[in-house]
Each structure stands twice: as C-alpha cells, then as structure tokens.
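Here the structure is laid out as structure tokens; the discussion comes afterwards.
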Amino acid sequence: AIASAAAIGRRYAELAGATADAAVTAAEVAERAAAGEPLASRVWQEAVEALADGLATGQALFDVATIVLGGGLAQAGDRLFTPLRAALHERMTFHREPRLVPAALGDEAGCLGAALLALDAMGVRDQQEMR
C-alpha cells in the first residue's frame, strides 16, 4: 500500500495535486528524488521507511540470511537498495541483519511462477521429468 511501485506513483501524484492523466511512475519519482526534488524525495523516503519496517518485522519473525526483492520497485537498483539497507540497518537490534538482493528474474518472477504452477497442476512438468 505504501512501498509498491504503483503506490509511490499514486502518492506523488496525490501530493503534487496531479490529475489521473498526469500519472507519475515510481521510476520517475526515484529520478526526481535523485535530482533533489523535495516532494519526490519525501515520497521516496516514506516508501523506503515503510518497506524497511516491513522487512524488519519479517526478519524478527523468520531470521533469514537473505531477502530477495523483486518487482518493479527493485528495478530502481541502488536508488532503492542503498537507502533501504541503511534504513533496515537502523532497525536491527539483536537480530541478524539480512543481505538484501534484487531478484534475478526481476518483475517476471511472478509470471514464471504462475506458469510453473499451471504446468504442475496439469501434470506437464511431471511428464517431462520422466523422459
């Protein structure tokens, strides 16, 4: 609701008073924040902080060594990962600090996973493995 690519674009447009016709993407917000635009920086920082809160909670519950972030937001690269690592570091107390890495499949992971589930449901993957 706060840290997705779509939410970042909506939040920026809402605060800027933009109409639906003037939609701004998360990538554009990230670029504007990197260029020093105060509103974009605020929206980007809010998203990073919200994501860090969620990851810290997950880490407290599951204590994983690595967290893999995918989707459109992860495509921001260091513009996301650098401040996110710092924000997550601030939240870690006695818990192990996880490594944050981008998903190797980017924003296609969900589609590929759904396709594999469909193949499994149809028994296609089992047939191929038997060959």
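Residues are referred to by chain and number: the chain letter is A, B, ... according to the order shown in the structure tokens, the number counts from 1 in that chain, and ligands are numbered separately from 1 in the order shown.
The environment of segment 68-70 of chain A within 6 Å, counting only C-alpha atoms and disregarding residues fewer than 4 places along the same chain, consists of Ala74, Val101, Pro102, Ala103, Gly106 and Asp107 of chain A.
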N, CA and C atoms of the current selection, written as a PDB file, in the first residue's frame:
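Final output, result.pdb:
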```pdb
ATOM      1  N   ALA A  74      12.147  -2.968  -7.320  1.00  0.00           N
ATOM      2  CA  ALA A  74      13.528  -3.443  -7.209  1.00  0.00           C
ATOM      3  C   ALA A  74      14.365  -3.026  -8.412  1.00  0.00           C
ATOM      4  N   VAL A 101      19.041  -8.427  -1.731  1.00  0.00           N
ATOM      5  CA  VAL A 101      19.477  -8.608  -3.112  1.00  0.00           C
ATOM      6  C   VAL A 101      18.279  -8.493  -4.048  1.00  0.00           C
ATOM      7  N   PRO A 102      18.523  -8.021  -5.263  1.00  0.00           N
ATOM      8  CA  PRO A 102      17.425  -7.970  -6.238  1.00  0.00           C
ATOM      9  C   PRO A 102      17.150  -9.365  -6.799  1.00  0.00           C
ATOM     10  N   ALA A 103      15.900  -9.621  -7.130  1.00  0.00           N
ATOM     11  CA  ALA A 103      15.523 -10.902  -7.734  1.00  0.00           C
ATOM     12  C   ALA A 103      16.185 -11.032  -9.094  1.00  0.00           C
ATOM     13  N   GLY A 106      13.789 -10.408 -11.915  1.00  0.00           N
ATOM     14  CA  GLY A 106      13.143  -9.099 -11.961  1.00  0.00           C
ATOM     15  C   GLY A 106      11.647  -9.189 -11.775  1.00  0.00           C
ATOM     16  N   ASP A 107      10.909  -8.418 -12.561  1.00  0.00           N
ATOM     17  CA  ASP A 107       9.460  -8.394 -12.397  1.00  0.00           C
ATOM     18  C   ASP A 107       8.761  -9.515 -13.160  1.00  0.00           C
TER      19      ASP A 107
END
```
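When the distance limit is 10 Å and only C-alpha atoms are what count, the residues near Leu84 of chain A, minus those fewer than 6 positions from it on the same chain, are Gln45, Ala47, Val48, Glu49, Ala50, Leu51, Ala52, Asp53, Leu55, Asp78, Glu90 and Leu100 of chain A.
Backbone DSSP assigns strand (DSSP E) in segment 71-120 of chain A to Arg99, Leu100, Val101 and Pro102 of chain A.
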Legend entry - For Gly71 of chain A: contacts at 12 Å, only C-alpha atoms, fewer than 6 positions along chain excluded, given as a list in words: Ala3, Ser4, Ala5, Ala6, Ala26, Gly77, Pro102, Ala103, Ala104, Leu105, Gly106, Asp107, Glu108, Ala109, Gly110 and Cys111 of chain A
Legend entry - Distance criterion (only C-alpha atoms): nearest to Pro83 of chain A out of A:Ile8, A:Glu46, A:Ala16, A:Ala22: A:Glu46
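Closest approach to Thr93 of chain A from the set A:Gln59, A:Thr66, A:Arg79, A:Arg11 is made by A:Gln59, with distances taken over only C-alpha atoms.
Going from atom CA of Gln75 of chain A over to atom CA of Arg99 of chain A, you cover 16.9 Å.
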Inset, instruction - Among the residues of segment 1-86 of chain A, find those DSSP assigns to alpha helix (DSSP H) from the backbone and print them as number ranges by chain. - result: A: 5-16, 26-34, 38-62, 71-74, 78-86
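With only C-alpha atoms taken into account, the protein and nucleic acid residues at most 10 Å from Ala30 of chain A (excluding it and anything under 3 positions from it in its own chain) are Ile8, Gly9, Thr25, Ala26, Ala27, Ala33, Ala34, Ala35, Gly36, Glu37, Ala40, Ser41, Val43, Trp44, Gln45, Leu73, Ala76, Arg79 and Leu80 of chain A.
Atom CA of Arg42 of chain A is found 28.9 Å from atom CA of Leu61 of chain A.
Atom CA of Gly54 of chain A lies 23.6 Å from atom CA of Glu28 of chain A.
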